[in-house]
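Working notes for the structure below.
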Amino acid sequence: MTETAIVILAAGKGTRMKSRRPKVMHEVAGQPMLHHVLATARTLAPEQLVVVLGPNMEEVSNSLRAVAPTAEIVIQQERLGSGHAVQMAKPALDGFTGDVLVLYGDVPLITAETLRALLAARCGGAALAVLAFEPDDSAAYGRLVLGPKGGLERIVETLDADAADAAINLCNSGIMAVDGAHLFALLDGLSNDNAKGEYYLTDIVAGAHVLGLGCVHAMAALDEVIGINDRSQLAEAERVLQTRLRQEAMKNGATLVDPATTWFSCDTILGEDVTVGPNTVFGPGVRVADGVEIRAFCHLEGAVVGTGAIIGPYARLRPGAEIGDGAHVGNFVEVKHACVEKDAKINHLSYIGDARVGAGANIGAGTITCNYDGFTKELSDIGVGAFIGSNSALVAPVVIGDG
């Protein structure tokens with residue numbers, strides 16, 4: 001394969017989301033959908049990564065700088081269609097003659113394996129390759145029109161399709177790989193003489209065919225090319241990705257008692273022989289070591305759980321919770337920004353925040369660390385082997401000695 005540049009189109013307003021947030025910042029499995037696309041793009045090790053945004057999308061550009069600082073951001077001042085959007089990347093890709101892979105910030109479930117197959121199809125001698133799929137209902141999608149020898153001749157948008165075109169079930173995902181030596185010449189030949197008055201990226205297929213340049217297609221599974229335009233499609237993408245994450249967790253040695261009610265973030269890490277009870281939610285930033293039991297109705301976020309610990313039922317681990325090997329955090333216990341050391345026990349109805357609970361300590365029911373006085377948060381330090389009786393209020397800053 002040749003060198004690869006990736007252009008991600010993310011300038012859409014997303015009006016059907018009915019939201020003040022840019023569409024591509026809405027989350028799937030705890031992460032903005034654009035971040036999913038970026039993560040997949042980076043696995044292909046592109047020489048260049050360009051993201052096309054619309055004007056006044058500072059939230060998106062700030063997020064990009066945090067997670068993909070080497071990506072080049074270009075602005076599509078007027079939203080004149082997908083072909084026009086790719087044209088905005090021309091200065092960034094000046095002189096690039098490798099593969100240009102066009103992705104979409106609102107198609108977050110595409111896999112690297114499928115993109116590699118698309119690039120391989122392009123490198124078989126075609127000037128461009130389009131990623132296709134076969135939906136149950138093709139009414140909303142552009143159709144791929146093939147020639148008598150199976151080559152791709154043109155793509156017809158659904159609003160411009162006649163009866164014969166509308167009967168085709170081979171549909172366009174929008175994702176394509178194009179020979180960089182031809183891309184911008186093909187884009188320069190686009191017209192907006194169509195039902196929407198836009199410059200369609202898909203029209204470069206017909207342009208390439210006229211010039212005698214080969215065009216092919218590769219296939220994708222339907223669940224990889226889900227485009228998100230409204231809240232219902234966002235929920236469908238969440239369903240698909242949660243199914244993937246559950247299967248991956250079980251393949252890697254975790255037991256999910258009721259997989260359908262276990263909810264993951266895309267960065268959740270579970271060790272081997274972890275058991276997860278029903279109705280458990282993993283927010284972003286959770287790492288769970290081997291042999292942990294997480295009982296039903298727990299919520300974990302930004303937490304680290306050591307080997308052999310027992311969590312729950314009905315426990316909440318908030319960001320900064322560090323649970324040591326063999327520790328117990330029981331029902332209706334909340335832990336925030338606190339280290340619970342090896343074999344310590346907090347079994348009932350307690351709040352432990354901004355604290356250290358020493359190894360082997362026992363915290364009685366109803367204990368709270370009063371960590372906030374209205375102005376500052378202070379530390380409660382509970383020593384190794386300490387015993388705190390029921391219904392205790394530890395007013396920070398306070399130190400309880402060992403034993």
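Here, A, B, ... name the chains of the structure tokens in the order displayed, residue numbers run from 1 inside each chain, and ligands are numbered from 1 in the same displayed order.
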
* To do: Just the residues within 9 Å of Ile168 (chain A), please, counting only C-alpha atoms, with nothing from its chain fewer than 3 positions along; format it as an MDAnalysis selection string.
  => chainID A and resid 138 143:145 164:165 171

With N, CA, C and O atoms retained, export the selected residues as an mmCIF file, in the first residue's frame.
data_model
loop_
_atom_site.group_PDB
_atom_site.id
_atom_site.type_symbol
_atom_site.label_atom_id
_atom_site.label_comp_id
_atom_site.auth_asym_id
_atom_site.auth_seq_id
_atom_site.Cartn_x
_atom_site.Cartn_y
_atom_site.Cartn_z
ATOM 1 N N SER A 138 -33.135 0.678 1.683
ATOM 2 C CA SER A 138 -32.156 1.528 1.004
ATOM 3 C C SER A 138 -32.679 2.921 0.676
ATOM 4 O O SER A 138 -31.977 3.710 0.044
ATOM 5 N N ARG A 143 -27.104 5.170 -4.254
ATOM 6 C CA ARG A 143 -26.941 3.826 -4.808
ATOM 7 C C ARG A 143 -25.670 3.753 -5.644
ATOM 8 O O ARG A 143 -25.315 4.707 -6.351
ATOM 9 N N LEU A 144 -24.988 2.617 -5.570
ATOM 10 C CA LEU A 144 -23.813 2.370 -6.395
ATOM 11 C C LEU A 144 -24.260 1.677 -7.684
ATOM 12 O O LEU A 144 -24.860 0.593 -7.642
ATOM 13 N N VAL A 145 -23.968 2.310 -8.802
ATOM 14 C CA VAL A 145 -24.320 1.757 -10.102
ATOM 15 C C VAL A 145 -23.071 1.109 -10.691
ATOM 16 O O VAL A 145 -22.069 1.780 -10.949
ATOM 17 N N ALA A 164 -35.109 2.826 -11.823
ATOM 18 C CA ALA A 164 -34.115 1.757 -11.950
ATOM 19 C C ALA A 164 -33.026 1.895 -10.889
ATOM 20 O O ALA A 164 -32.610 0.906 -10.275
ATOM 21 N N ASP A 165 -32.576 3.119 -10.673
ATOM 22 C CA ASP A 165 -31.552 3.338 -9.652
ATOM 23 C C ASP A 165 -32.089 3.027 -8.263
ATOM 24 O O ASP A 165 -31.388 2.445 -7.421
ATOM 25 N N CYS A 171 -25.482 0.224 -1.494
ATOM 26 C CA CYS A 171 -25.577 1.625 -1.088
ATOM 27 C C CYS A 171 -24.232 2.207 -0.670
ATOM 28 O O CYS A 171 -23.299 1.486 -0.308
#

* **Who sits within 8 Å of Asp258 (chain A), only C-alpha atoms, same chain under 2 positions skipped, as number ranges by chain** => A: 256, 260-262, 277-279

* Write down as a ChimeraX atom specification the residues of region 17-235 of chain A whose backbone DSSP state falls under strand (DSSP E). => /A:27-28,31-32,48-53,72-75,99-104,128-133,143-146,152-156,171-179,215-219

* **Spatial neighbours of region 289-294 of chain A, 8 Å, only C-alpha atoms, chain gap at least 3 places, as a list in words** =>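 Surrounding residues, per the criterion: Leu270, Gly271, Glu272, Asp273, Val274, Thr275, Val276, Gly277, Cys298, Val305, Gly306, Thr307, Gly308, Ala309, Ile310, Ile311, Gly312 and Pro313 of chain A.
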
Give me the residues near region 33-38 of chain A as a JSON list (two decimals) with all heavy atoms, in the first residue's frame, where near means some atom within 7 Å (using only C-alpha atoms) and where sequence neighbours in that chain fewer than 2 positions away do not count.
[["chain", "number", "residue", "atom", "x", "y", "z"],
["A", 24, "VAL", "N", -20.82, 16.11, 16.48],
["A", 24, "VAL", "CA", -19.72, 15.14, 16.63],
["A", 24, "VAL", "C", -19.19, 15.07, 18.05],
["A", 24, "VAL", "O", -18.36, 14.22, 18.36],
["A", 24, "VAL", "CB", -18.57, 15.44, 15.65],
["A", 24, "VAL", "CG1", -19.04, 15.25, 14.22],
["A", 24, "VAL", "CG2", -17.99, 16.83, 15.87],
["A", 25, "MET", "N", -19.67, 15.95, 18.94],
["A", 25, "MET", "CA", -19.25, 15.90, 20.34],
["A", 25, "MET", "C", -20.21, 15.09, 21.21],
["A", 25, "MET", "O", -19.95, 14.87, 22.39],
["A", 25, "MET", "CB", -19.10, 17.31, 20.91],
["A", 25, "MET", "CG", -17.99, 18.12, 20.27],
["A", 25, "MET", "SD", -16.38, 17.32, 20.38],
["A", 25, "MET", "CE", -16.12, 17.33, 22.16],
["A", 26, "HIS", "N", -21.31, 14.62, 20.64],
["A", 26, "HIS", "CA", -22.20, 13.74, 21.40],
["A", 26, "HIS", "C", -21.51, 12.40, 21.58],
["A", 26, "HIS", "O", -20.81, 11.92, 20.70],
["A", 26, "HIS", "CB", -23.54, 13.59, 20.68],
["A", 26, "HIS", "CG", -24.41, 14.80, 20.83],
["A", 26, "HIS", "ND1", -25.38, 14.90, 21.80],
["A", 26, "HIS", "CD2", -24.42, 15.97, 20.15],
["A", 26, "HIS", "CE1", -25.97, 16.07, 21.70],
["A", 26, "HIS", "NE2", -25.40, 16.75, 20.71],
["A", 27, "GLU", "N", -21.72, 11.79, 22.74],
["A", 27, "GLU", "CA", -20.90, 10.66, 23.15],
["A", 27, "GLU", "C", -21.54, 9.31, 22.83],
["A", 27, "GLU", "O", -22.76, 9.14, 22.89],
["A", 27, "GLU", "CB", -20.62, 10.75, 24.65],
["A", 27, "GLU", "CG", -19.75, 11.95, 25.01],
["A", 27, "GLU", "CD", -19.42, 12.02, 26.49],
["A", 27, "GLU", "OE1", -19.99, 11.23, 27.27],
["A", 27, "GLU", "OE2", -18.58, 12.86, 26.86],
["A", 28, "VAL", "N", -20.67, 8.38, 22.50],
["A", 28, "VAL", "CA", -21.02, 6.97, 22.38],
["A", 28, "VAL", "C", -20.03, 6.21, 23.26],
["A", 28, "VAL", "O", -18.82, 6.37, 23.13],
["A", 28, "VAL", "CB", -20.91, 6.48, 20.92],
["A", 28, "VAL", "CG1", -21.32, 5.01, 20.82],
["A", 28, "VAL", "CG2", -21.75, 7.34, 19.99],
["A", 31, "GLN", "N", -17.48, 8.56, 25.07],
["A", 31, "GLN", "CA", -16.48, 9.29, 24.31],
["A", 31, "GLN", "C", -17.14, 9.96, 23.12],
["A", 31, "GLN", "O", -17.97, 9.35, 22.46],
["A", 31, "GLN", "CB", -15.40, 8.32, 23.82],
["A", 31, "GLN", "CG", -14.28, 8.95, 23.01],
["A", 31, "GLN", "CD", -13.16, 7.95, 22.77],
["A", 31, "GLN", "OE1", -12.27, 7.77, 23.57],
["A", 31, "GLN", "NE2", -13.20, 7.28, 21.63],
["A", 40, "THR", "N", -9.68, 5.32, 15.49],
["A", 40, "THR", "CA", -9.58, 4.36, 14.39],
["A", 40, "THR", "C", -8.60, 4.86, 13.33],
["A", 40, "THR", "O", -7.78, 4.09, 12.82],
["A", 40, "THR", "CB", -10.96, 4.11, 13.78],
["A", 40, "THR", "OG1", -11.83, 3.63, 14.79],
["A", 40, "THR", "CG2", -10.88, 3.10, 12.65],
["A", 41, "ALA", "N", -8.68, 6.15, 13.02],
["A", 41, "ALA", "CA", -7.78, 6.72, 12.02],
["A", 41, "ALA", "C", -6.33, 6.55, 12.42],
["A", 41, "ALA", "O", -5.46, 6.21, 11.60],
["A", 41, "ALA", "CB", -8.11, 8.20, 11.79],
["A", 42, "ARG", "N", -6.03, 6.78, 13.69],
["A", 42, "ARG", "CA", -4.63, 6.72, 14.14],
["A", 42, "ARG", "C", -4.07, 5.31, 14.07],
["A", 42, "ARG", "O", -2.85, 5.13, 13.93],
["A", 42, "ARG", "CB", -4.51, 7.29, 15.54],
["A", 42, "ARG", "CG", -4.60, 8.81, 15.59],
["A", 42, "ARG", "CD", -4.03, 9.35, 16.89],
["A", 42, "ARG", "NE", -4.85, 8.94, 18.01],
["A", 42, "ARG", "CZ", -5.82, 9.71, 18.55],
["A", 42, "ARG", "NH1", -6.06, 10.89, 18.05],
["A", 42, "ARG", "NH2", -6.53, 9.29, 19.56],
["A", 105, "GLY", "N", -17.01, 12.36, 10.77],
["A", 105, "GLY", "CA", -17.01, 12.48, 12.22],
["A", 105, "GLY", "C", -18.26, 11.96, 12.88],
["A", 105, "GLY", "O", -18.27, 11.74, 14.10],
["A", 106, "ASP", "N", -19.32, 11.73, 12.11],
["A", 106, "ASP", "CA", -20.56, 11.20, 12.69],
["A", 106, "ASP", "C", -20.81, 9.74, 12.29],
["A", 106, "ASP", "O", -21.93, 9.25, 12.37],
["A", 106, "ASP", "CB", -21.76, 12.07, 12.29],
["A", 106, "ASP", "CG", -21.97, 12.14, 10.78],
["A", 106, "ASP", "OD1", -21.14, 11.57, 10.03],
["A", 106, "ASP", "OD2", -22.96, 12.77, 10.34],
["A", 108, "PRO", "N", -19.07, 6.76, 13.76],
["A", 108, "PRO", "CA", -18.03, 6.41, 14.74],
["A", 108, "PRO", "C", -17.69, 4.92, 14.85],
["A", 108, "PRO", "O", -16.72, 4.58, 15.53],
["A", 108, "PRO", "CB", -18.63, 6.91, 16.05],
["A", 108, "PRO", "CG", -20.10, 6.75, 15.87],
["A", 108, "PRO", "CD", -20.36, 7.07, 14.42]]

* Shell of 12 Å around Val304 (chain A), only C-alpha atoms, local chain residues under 3 positions omitted, as a ChimeraX atom specification -> /A:268-271,282-290,292,300-301,307,309,311,317-325,327,335-341

* Structure fact -> Judged by only C-alpha atoms, the minimum distance to Phe133 (chain A) among A:Leu186, A:Ala163, A:Ala365, A:Leu170 is found for A:Leu170

* Structure fact -> Shortest contact to Ile388 (chain A), candidates A:Ser63, A:Asn362, A:Thr376, A:Thr4, atoms counted only C-alpha atoms, goes to A:Asn362

* **Interatomic distance, CA of Ser19 (chain A) to CA of Val281 (chain A) (Å, one decimal)** => 24.9 Å

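Between Ile226 (chain A) and the residues A:Met250, A:Val7, A:Leu241, A:Ala195, the shortest atom-to-atom distance, using only C-alpha atoms, involves A:Leu241.
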
* **Residues flagged alpha helix (DSSP H) by DSSP in region 84-305 of chain A, as a ChimeraX atom specification** => /A:84-87,112-122,163-166,180-188,204-210,231-251

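Note that the spacing between CA of Glu134 (chain A) and CA of Asn194 (chain A) amounts to 24.2 Å.
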
* Between A:Leu49, A:Leu101, A:Ala249, A:Ala218, which has the minimum distance to Gly151 (chain A) (counting only C-alpha atoms)? ->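 Going through A:Leu49, A:Leu101, A:Ala249, A:Ala218 one by one, the smallest distance to Gly151 (chain A) is for A:Ala218.
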
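Comparing A:Pro397, A:Gly98, A:Pro46, A:Gly174 by their smallest distance to Thr369 (chain A), the closest is A:Pro397 (using only C-alpha atoms).
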
* Structure fact -> re CA of Leu245 (chain A) and CA of His328 (chain A): distance 26.4 Å

* To do: Determine, counting only C-alpha atoms, which protein, DNA and RNA residues have an atom within 6 Å of an atom of region 69-74 of chain A; residues of the same chain fewer than 2 positions away are not included. Present the result as an MDAnalysis selection string.
  => chainID A and resid 49:52 65

With N, CA and C atoms retained, export the selected residues as a short mmCIF file (atom, residue, chain, number, x, y, z; two decimals), in the first residue's frame.
data_model
loop_
_atom_site.label_atom_id
_atom_site.label_comp_id
_atom_site.auth_asym_id
_atom_site.auth_seq_id
_atom_site.Cartn_x
_atom_site.Cartn_y
_atom_site.Cartn_z
N LEU A 49 -3.18 13.92 8.88
CA LEU A 49 -4.54 13.81 9.39
C LEU A 49 -5.15 15.21 9.37
N VAL A 50 -6.21 15.37 8.59
CA VAL A 50 -6.86 16.67 8.41
C VAL A 50 -8.32 16.54 8.85
N VAL A 51 -8.79 17.49 9.66
CA VAL A 51 -10.17 17.50 10.11
C VAL A 51 -10.83 18.77 9.61
N VAL A 52 -11.95 18.61 8.90
CA VAL A 52 -12.67 19.74 8.34
C VAL A 52 -13.82 20.11 9.28
N ARG A 65 -7.46 19.49 19.73
CA ARG A 65 -6.09 19.84 20.14
C ARG A 65 -5.67 19.04 21.36
#
